[in-house]
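Asker: Take a look at query34.txt, compact mmCIF, C-alpha atoms:
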# COMPACT_ATOMS: atom_id res chain seq x y z
CA MET A 1 -19.22 -8.41 -11.31
CA ASP A 2 -16.26 -10.75 -11.67
CA GLN A 3 -16.86 -13.75 -9.38
CA ALA A 4 -13.09 -14.04 -8.83
CA GLU A 5 -12.93 -10.68 -7.07
CA ILE A 6 -12.41 -10.88 -3.31
CA PHE A 7 -13.18 -7.24 -2.46
CA ASP A 8 -16.58 -5.57 -2.73
CA ARG A 9 -15.99 -2.51 -4.93
CA ARG A 10 -19.16 -0.73 -3.78
CA ALA A 11 -18.34 -1.31 -0.11
CA ARG A 12 -14.83 0.01 -0.73
CA ARG A 13 -16.20 3.24 -2.22
CA LEU A 14 -18.63 3.66 0.67
CA ARG A 15 -15.89 3.06 3.26
CA ARG A 16 -13.71 5.69 1.61
CA ASP A 17 -16.63 8.12 1.43
CA ARG A 18 -17.20 7.62 5.17
CA ALA A 19 -13.50 8.14 5.86
CA ALA A 20 -13.60 11.38 3.85
CA THR A 21 -15.87 12.87 6.54
CA ALA A 22 -13.79 11.59 9.48
CA THR A 23 -11.98 13.83 11.93
CA PRO A 24 -8.85 15.35 10.32
CA GLY A 25 -5.70 13.49 11.34
CA GLY A 26 -7.45 10.15 11.75
CA ASP A 27 -5.49 8.53 8.93
CA PHE A 28 -2.11 8.77 10.63
CA LEU A 29 -0.77 5.88 8.54
CA ARG A 30 -1.14 7.92 5.35
CA ALA A 31 0.75 10.78 6.99
CA GLN A 32 3.48 8.31 7.98
CA MET A 33 3.61 6.96 4.43
CA ILE A 34 3.90 10.45 3.00
CA GLU A 35 6.98 11.00 5.16
CA GLY A 36 8.49 7.76 3.86
CA ILE A 37 7.76 8.68 0.25
CA VAL A 38 9.23 12.17 0.67
CA ASP A 39 12.40 10.65 2.15
CA ARG A 40 12.73 8.44 -0.91
CA LEU A 41 12.07 11.33 -3.27
CA ASP A 42 14.85 13.33 -1.60
CA ALA A 43 17.30 10.70 -2.84
CA VAL A 44 16.17 11.14 -6.47
CA ALA A 45 18.20 13.71 -8.39
CA ARG A 46 15.62 14.78 -10.96
CA ARG A 47 12.67 17.12 -11.35
CA PHE A 48 9.08 15.98 -11.83
CA THR A 49 6.34 18.04 -13.48
CA ASP A 50 3.19 15.88 -13.84
CA ILE A 51 2.18 13.73 -10.87
CA LEU A 52 -0.66 11.31 -10.20
CA ASP A 53 -1.69 10.97 -6.53
CA LEU A 54 -3.43 7.59 -6.68
CA GLY A 55 -5.69 7.08 -3.68
CA CYS A 56 -5.61 10.73 -2.63
CA GLY A 57 -7.00 10.19 0.87
CA ALA A 58 -7.32 12.65 3.73
CA ALA A 59 -3.77 14.06 3.80
CA ASP A 60 -2.56 15.57 0.55
CA PHE A 61 0.73 14.53 -0.94
CA ASP A 62 2.29 17.74 -2.27
CA LEU A 63 5.36 18.62 -4.29
CA PRO A 64 5.75 22.38 -4.92
CA GLY A 65 6.05 23.51 -8.53
CA THR A 66 4.30 20.48 -9.99
CA ARG A 67 0.91 19.65 -11.50
CA ILE A 68 -0.82 16.98 -9.40
CA VAL A 69 -3.90 15.04 -10.51
CA ARG A 70 -5.76 13.33 -7.65
CA CYS A 71 -7.53 10.00 -8.11
CA ASP A 72 -9.50 7.98 -5.56
CA ALA A 73 -11.86 5.02 -5.53
CA GLY A 74 -14.25 7.07 -3.35
CA PHE A 75 -16.29 10.04 -4.53
CA GLY A 76 -15.77 11.90 -1.24
CA PHE A 77 -11.98 12.06 -1.40
CA ALA A 78 -12.07 12.92 -5.11
CA ARG A 79 -14.51 15.81 -4.48
CA ARG A 80 -12.51 17.31 -1.62
CA ALA A 81 -9.11 16.96 -3.30
CA SER A 82 -7.14 20.05 -4.24
CA GLY A 83 -6.66 20.52 -7.98
CA PRO A 84 -7.99 18.26 -10.76
CA ALA A 85 -9.40 14.96 -9.49
CA VAL A 86 -11.27 11.91 -10.76
CA GLN A 87 -13.03 8.96 -9.14
CA ALA A 88 -11.74 5.59 -10.38
CA ASP A 89 -10.51 2.24 -9.11
CA GLU A 90 -6.77 1.67 -9.29
CA ASP A 91 -7.17 -1.35 -11.55
CA ARG A 92 -9.44 0.62 -13.93
CA LEU A 93 -7.49 3.82 -14.50
CA PRO A 94 -8.93 6.22 -17.11
CA PHE A 95 -5.65 8.00 -17.98
CA ALA A 96 -3.82 7.87 -21.29
CA ASP A 97 -0.48 6.13 -21.60
CA ALA A 98 2.60 8.20 -20.70
CA SER A 99 0.56 10.93 -18.94
CA PHE A 100 2.75 11.34 -15.84
CA ASP A 101 6.40 11.30 -14.83
CA LEU A 102 5.64 10.41 -11.19
CA VAL A 103 2.89 8.24 -9.70
CA VAL A 104 2.47 8.13 -5.91
CA SER A 105 0.05 5.68 -4.27
CA LEU A 106 -0.44 5.64 -0.50
CA GLY A 107 -2.43 3.15 1.55
CA VAL A 108 -4.77 1.73 -1.10
CA LEU A 109 -3.10 -0.95 -3.22
CA ASP A 110 -3.56 -3.64 -0.54
CA SER A 111 -7.34 -3.56 -1.10
CA VAL A 112 -7.38 -3.61 -4.93
CA ASN A 113 -8.98 -6.63 -6.57
CA ASP A 114 -6.45 -6.86 -9.38
CA LEU A 115 -3.14 -5.71 -7.92
CA PRO A 116 -0.99 -7.01 -10.82
CA GLY A 117 -3.33 -5.23 -13.24
CA ALA A 118 -3.19 -2.01 -11.21
CA LEU A 119 0.62 -2.04 -11.24
CA ALA A 120 0.62 -2.69 -14.99
CA LEU A 121 -1.69 0.31 -15.52
CA ILE A 122 0.52 2.49 -13.33
CA ARG A 123 3.47 1.43 -15.45
CA ARG A 124 1.56 2.36 -18.63
CA VAL A 125 0.54 5.85 -17.48
CA LEU A 126 4.18 6.66 -16.68
CA ARG A 127 6.44 8.25 -19.25
CA PRO A 128 9.78 6.58 -20.04
CA ASP A 129 12.07 6.98 -17.01
CA GLY A 130 9.04 7.94 -14.90
CA LEU A 131 8.98 6.92 -11.24
CA PHE A 132 6.42 5.00 -9.21
CA LEU A 133 6.43 5.22 -5.41
CA GLY A 134 3.85 3.25 -3.46
CA ALA A 135 3.14 2.32 0.14
CA PHE A 136 0.56 0.13 1.89
CA THR A 137 0.17 -2.08 4.96
CA GLY A 138 1.64 -5.50 4.24
CA ALA A 139 1.94 -9.00 5.66
CA GLY A 140 2.29 -9.29 9.41
CA SER A 141 0.18 -6.22 10.16
CA LEU A 142 -2.47 -6.15 12.92
CA PRO A 143 -1.27 -9.23 14.88
CA ALA A 144 -3.02 -8.11 18.08
CA LEU A 145 -6.34 -7.66 16.29
CA ARG A 146 -5.97 -11.03 14.58
CA ALA A 147 -5.33 -12.74 17.91
CA ALA A 148 -8.34 -11.02 19.51
CA LEU A 149 -10.63 -12.08 16.66
CA ARG A 150 -9.41 -15.68 16.88
CA ALA A 151 -10.20 -15.67 20.59
CA ALA A 152 -13.64 -14.21 19.89
CA GLU A 153 -14.59 -16.92 17.40
CA PRO A 154 -12.54 -20.00 18.33
CA ASP A 155 -14.86 -22.60 16.77
CA ARG A 156 -16.13 -21.06 13.53
CA PRO A 157 -13.95 -18.04 12.65
CA ALA A 158 -15.18 -15.90 9.78
CA PRO A 159 -12.94 -13.91 7.41
CA ARG A 160 -12.48 -10.56 9.13
CA LEU A 161 -9.16 -9.19 7.85
CA HIS A 162 -7.89 -8.86 4.32
CA PRO A 163 -5.18 -11.03 2.77
CA GLN A 164 -1.88 -9.17 3.10
CA VAL A 165 0.94 -8.87 0.57
CA GLU A 166 4.43 -10.10 1.50
CA VAL A 167 7.23 -7.66 0.73
CA ARG A 168 9.01 -10.22 -1.48
CA ALA A 169 5.81 -10.87 -3.44
CA ALA A 170 5.38 -7.10 -3.89
CA GLY A 171 8.84 -6.88 -5.46
CA ASP A 172 7.99 -9.77 -7.79
CA LEU A 173 4.79 -8.00 -8.85
CA LEU A 174 6.78 -4.88 -9.75
CA MET A 175 8.98 -6.96 -12.03
CA ARG A 176 5.98 -8.69 -13.63
CA ALA A 177 4.41 -5.30 -14.32
CA GLY A 178 7.50 -4.27 -16.31
CA PHE A 179 9.16 -1.85 -13.89
CA ALA A 180 12.88 -1.33 -14.09
CA LEU A 181 15.11 -1.20 -10.99
CA PRO A 182 12.31 -2.47 -8.68
CA VAL A 183 12.73 -2.18 -4.92
CA ALA A 184 10.38 -3.33 -2.14
CA ASP A 185 11.13 -2.78 1.53
CA VAL A 186 9.18 -2.78 4.77
CA GLU A 187 9.16 -0.53 7.85
CA PRO A 188 7.23 -1.64 10.97
CA LEU A 189 5.25 0.92 12.94
CA ALA A 190 4.11 0.09 16.50
CA VAL A 191 1.08 1.89 17.97
CA ARG A 192 -0.16 1.48 21.56
CA TYR A 193 -3.94 1.40 22.08
CA ARG A 194 -5.93 1.83 25.26
CA ASP A 195 -8.70 -0.46 23.99
CA LEU A 196 -9.99 -2.26 20.90
CA GLY A 197 -12.51 0.48 20.18
CA ARG A 198 -9.74 3.02 19.56
CA LEU A 199 -8.08 0.69 17.06
CA LEU A 200 -11.36 0.07 15.23
CA ASP A 201 -12.02 3.83 15.10
CA ASP A 202 -8.61 4.33 13.48
CA LEU A 203 -9.29 1.60 10.92
CA ARG A 204 -12.59 3.26 10.01
CA ALA A 205 -10.85 6.62 9.60
CA MET A 206 -8.38 4.91 7.25
CA ALA A 207 -11.15 3.16 5.27
CA ALA A 208 -9.39 -0.06 6.34
CA THR A 209 -12.30 -2.08 7.70
CA ASN A 210 -13.57 -5.32 6.18
CA ILE A 211 -14.65 -5.08 2.53
CA LEU A 212 -14.36 -8.79 1.65
CA ARG A 213 -17.23 -9.90 -0.55
CA ASP A 214 -18.12 -12.79 1.79
CA ARG A 215 -17.93 -10.72 4.98
CA ARG A 216 -20.52 -10.92 7.74
CA ALA A 217 -21.06 -8.77 10.79
CA LEU A 218 -19.37 -9.63 14.08
CA ALA A 219 -22.02 -10.50 16.67
CA PRO A 220 -22.12 -8.27 19.78
CA ALA A 221 -21.11 -11.15 22.07
CA ALA A 222 -18.12 -11.98 19.82
CA LEU A 223 -17.12 -8.32 19.73
CA ALA A 224 -17.15 -8.24 23.53
CA ARG A 225 -14.93 -11.34 23.65
CA ALA A 226 -12.55 -9.73 21.14
CA ALA A 227 -12.35 -6.57 23.26
CA ALA A 228 -11.60 -8.64 26.36
CA ALA A 229 -8.86 -10.60 24.57
CA PHE A 230 -7.34 -7.37 23.24
CA ALA A 231 -7.32 -5.92 26.77
CA GLN A 232 -5.67 -9.06 28.17
CA ALA A 233 -2.69 -8.42 25.86
CA ALA A 234 -2.10 -4.98 27.40
CA ASP A 235 1.15 -4.01 29.09
CA ALA A 236 1.55 -2.63 32.62
CA ASP A 237 0.31 0.78 31.42
CA GLY A 238 -2.95 -0.75 30.21
CA ARG A 239 -2.14 -0.38 26.51
CA THR A 240 -1.95 -3.06 23.82
CA THR A 241 0.69 -2.70 21.12
CA GLU A 242 -0.49 -3.12 17.52
CA THR A 243 1.89 -3.32 14.57
CA PHE A 244 1.50 -1.97 11.04
CA ASN A 245 4.09 -3.19 8.53
CA LEU A 246 4.43 -0.45 5.92
CA VAL A 247 5.57 -1.85 2.57
CA TYR A 248 7.23 0.68 0.25
CA LEU A 249 7.53 0.09 -3.50
CA THR A 250 9.86 1.86 -5.94
CA GLY A 251 9.98 1.22 -9.68
CA TRP A 252 10.93 3.06 -12.85
CA ALA A 253 9.31 2.98 -16.27
CA PRO A 254 11.99 1.50 -18.54
CA ASP A 255 14.18 3.86 -20.54
CA PRO A 256 17.40 3.26 -22.54
CA SER A 257 19.26 5.77 -20.34
CA GLN A 258 18.87 3.60 -17.23
CA PRO A 259 21.70 1.35 -15.96
CA ARG A 260 21.36 -2.28 -16.98
CA PRO A 261 22.70 -5.47 -15.42
CA ALA A 262 25.89 -6.78 -17.00
CA ARG A 263 25.47 -9.29 -19.82
CA ARG A 264 25.76 -12.84 -18.57
CA GLY A 265 29.26 -14.21 -19.11
CA SER A 266 30.81 -10.76 -19.53
CA ALA A 267 32.76 -10.79 -16.23
CA SER A 268 36.55 -10.52 -16.55
CA ARG A 269 37.13 -12.68 -13.42
CA SER A 270 35.51 -15.90 -12.34
CA LEU A 271 33.73 -16.26 -8.99
CA ALA A 272 36.36 -18.82 -7.93
CA ASP A 273 39.14 -16.31 -8.56
CA ALA A 274 37.29 -13.60 -6.62
CA LEU A 275 36.90 -15.87 -3.58
CA ARG A 276 40.44 -17.31 -3.60
CA PRO A 277 42.57 -16.10 -0.63
CA PRO A 278 45.42 -13.72 -1.51
CA GLY A 279 48.59 -15.58 -2.51
CA ALA A 280 46.80 -18.87 -3.15
CA PRO A 281 47.90 -20.62 -6.40
CA THR A 282 45.57 -20.55 -9.36
CA GLU A 283 44.65 -23.70 -11.22
Represent the structure contained in this file as structure tokens.

Answerer:
Amino acid sequence: MDQAEIFDRRARRLRRDRAATATPGGDFLRAQMIEGIVDRLDAVARRFTDILDLGCGAADFDLPGTRIVRCDAGFGFARRASGPAVQADEDRLPFADASFDLVVSLGVLDSVNDLPGALALIRRVLRPDGLFLGAFTGAGSLPALRAALRAAEPDRPAPRLHPQVEVRAAGDLLMRAGFALPVADVEPLAVRYRDLGRLLDDLRAMAATNILRDRRALAPAALARAAAAFAQAADADGRTTETFNLVYLTGWAPDPSQPRPARRGSASRSLADALRPPGAPTE
């Protein structure tokens, strides 16, 4: 195992296998992400035929009239997926280059050891002018849980939550991976919880609990302090608001038919001319 890896690959598979047996509807974030991806697809005026659903999860992404291959890091989700499916990590994809014209990834790329490598592989399995649409929880997510955990372990806090990707950094990674016309944007989602236990149950259903390699269990007394701190942040209705920042990624596999930025120095007017008030004399 690579000592530089921060996530435990085996624990990640086991968490996803556990989530595959969870109550249907538990992964509401994936359902929310599917809605966001479908909205973005509606703005694309082209037809797709071969799709990779990367991190297939509990709620199926579907596009009628297409062939969809499902792929997941967990055996459970891969086994229960509709249609052809394989088990593989996102940064170790087994597919041939130029196999798909659309790759969709929902809720998994934030827990991949080699995110730049995963994006590069996604770019490789796309055909020219193929589209990648991804979504995951990004930086600034789970502030209420973070605050509760800090209160629970004020003297010697242990790593409990994963590092989170900033939306600007996500856009930079798309460019580094070779995507054309990259776009990264974020949409916050607020959820009100009656207690910390409900939030932790949701995170388990999403396979979003701690898989850091140097993780250690939270002692019962610390968990009780975290629950009390979470409850203290509740509003008048007795609910604590938690925030999930959903980062959406869009990128195209390069193709000569795509629009390109103008060549540097090719503008017919200077910036100074463009900003000069009407009627002002030119130099």

Asker: For atom CA of Asp17 of chain A and atom CA of Phe75 of chain A, determine how far apart the two atoms are, in Å to one decimal place.

Answerer: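 Interatomic distance, atom CA of Asp17 of chain A to atom CA of Phe75 of chain A: 6.3 Å.
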
Asker: Quick one: contact table of segment 156-267 of chain A to segment 104-117 of chain A, 8 Å max, nearest atom pair and distance in Å to one decimal per residue, counting all atoms listed in the file, chain and number order, as CSV?

Answerer:
residue,atom,partner,partner_atom,distance
A:His162,CA,A:Ser111,CA,7.6
A:Gln164,CA,A:Asp110,CA,6.8
A:Val165,CA,A:Asp110,CA,7.0
A:Leu173,CA,A:Pro116,CA,6.2
A:Arg176,CA,A:Pro116,CA,7.7
A:Ala177,CA,A:Pro116,CA,6.7

Asker: Keeping only C-alpha atoms, take the residues you just selected and write them out as a PDB file, in the frame of the given file.

Answerer:
ATOM      1  CA  HIS A 162      -7.890  -8.860   4.320  1.00  0.00           C
ATOM      2  CA  GLN A 164      -1.880  -9.170   3.100  1.00  0.00           C
ATOM      3  CA  VAL A 165       0.940  -8.870   0.570  1.00  0.00           C
ATOM      4  CA  LEU A 173       4.790  -8.000  -8.850  1.00  0.00           C
ATOM      5  CA  ARG A 176       5.980  -8.690 -13.630  1.00  0.00           C
ATOM      6  CA  ALA A 177       4.410  -5.300 -14.320  1.00  0.00           C
TER       7      ALA A 177
END

Asker: Rank nothing, just name the residue among A:Asp202, A:Asp129, A:Asp97, A:Asp89 nearest to Arg10 of chain A, using only C-alpha atoms.

Answerer: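 Checking each of A:Asp202, A:Asp129, A:Asp97, A:Asp89 against Arg10 of chain A, counting only C-alpha atoms, the winner is A:Asp89.
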
Asker: Quick one, how far is atom CA of Leu149 of chain A from atom CA of Phe7 of chain A?

Answerer: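 That distance, rounded to one decimal, is 19.9 Å.
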
Asker: Which one of A:Ala4, A:Ala73, A:Phe230, A:Asp172 sits closest to Ala152 of chain A if you count only C-alpha atoms?

Answerer: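 Using only C-alpha atoms, the shortest distance to Ala152 of chain A belongs to A:Phe230.
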
Asker: So, with all atoms listed in the file as the atoms that count, which of A:Thr49, A:Gln32, A:Ser99, A:Thr240 lies closest to Thr137 of chain A?

Answerer: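 Among the listed residues, the smallest separation from Thr137 of chain A belongs to A:Gln32.
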
Asker: Leaving out Gly76 of chain A and any residue of its chain fewer than 6 positions from it, which residues lie within 12 Å of it when counting all atoms listed in the file, given as a list of chain:residue names?

Answerer: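 Returned residues: A:Arg12, A:Arg13, A:Leu14, A:Arg15, A:Arg16, A:Asp17, A:Arg18, A:Ala19, A:Ala20, A:Thr21, A:Ala22, A:Gly55, A:Cys56, A:Gly57, A:Ala58, A:Arg70, A:Ala85, A:Val86, A:Gln87, A:Ala88, A:Ala207.
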
Asker: From the options A:Ala224, A:Val125, A:Ile68, A:Ala118, which residue's atoms come nearest to Phe95 of chain A, counting only C-alpha atoms?

Answerer: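 Under the stated criterion, the closest residue is A:Val125.
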
Asker: Find, counting only C-alpha atoms, the residue in A:Ala236, A:Ala229, A:Leu102, A:Ala151 that gets nearest to Arg46 of chain A.

Answerer: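 Nearest candidate to Arg46 of chain A out of A:Ala236, A:Ala229, A:Leu102, A:Ala151: A:Leu102.
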
Asker: Applying 12 Å and only C-alpha atoms, which residues near Arg40 of chain A remain after dropping the ones on its own chain fewer than 5 positions away? List them as a compact mmCIF listing (two decimals) with C-alpha atoms, in the frame of the given file.

Answerer:
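And here's out_17.txt as it stands now:
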# COMPACT_ATOMS: atom_id res chain seq x y z
CA MET A 33 3.61 6.96 4.43
CA ILE A 34 3.90 10.45 3.00
CA GLU A 35 6.98 11.00 5.16
CA ALA A 45 18.20 13.71 -8.39
CA VAL A 104 2.47 8.13 -5.91
CA LEU A 131 8.98 6.92 -11.24
CA PHE A 132 6.42 5.00 -9.21
CA LEU A 133 6.43 5.22 -5.41
CA GLY A 134 3.85 3.25 -3.46
CA ALA A 135 3.14 2.32 0.14
CA VAL A 183 12.73 -2.18 -4.92
CA ASP A 185 11.13 -2.78 1.53
CA TYR A 248 7.23 0.68 0.25
CA LEU A 249 7.53 0.09 -3.50
CA THR A 250 9.86 1.86 -5.94
CA GLY A 251 9.98 1.22 -9.68
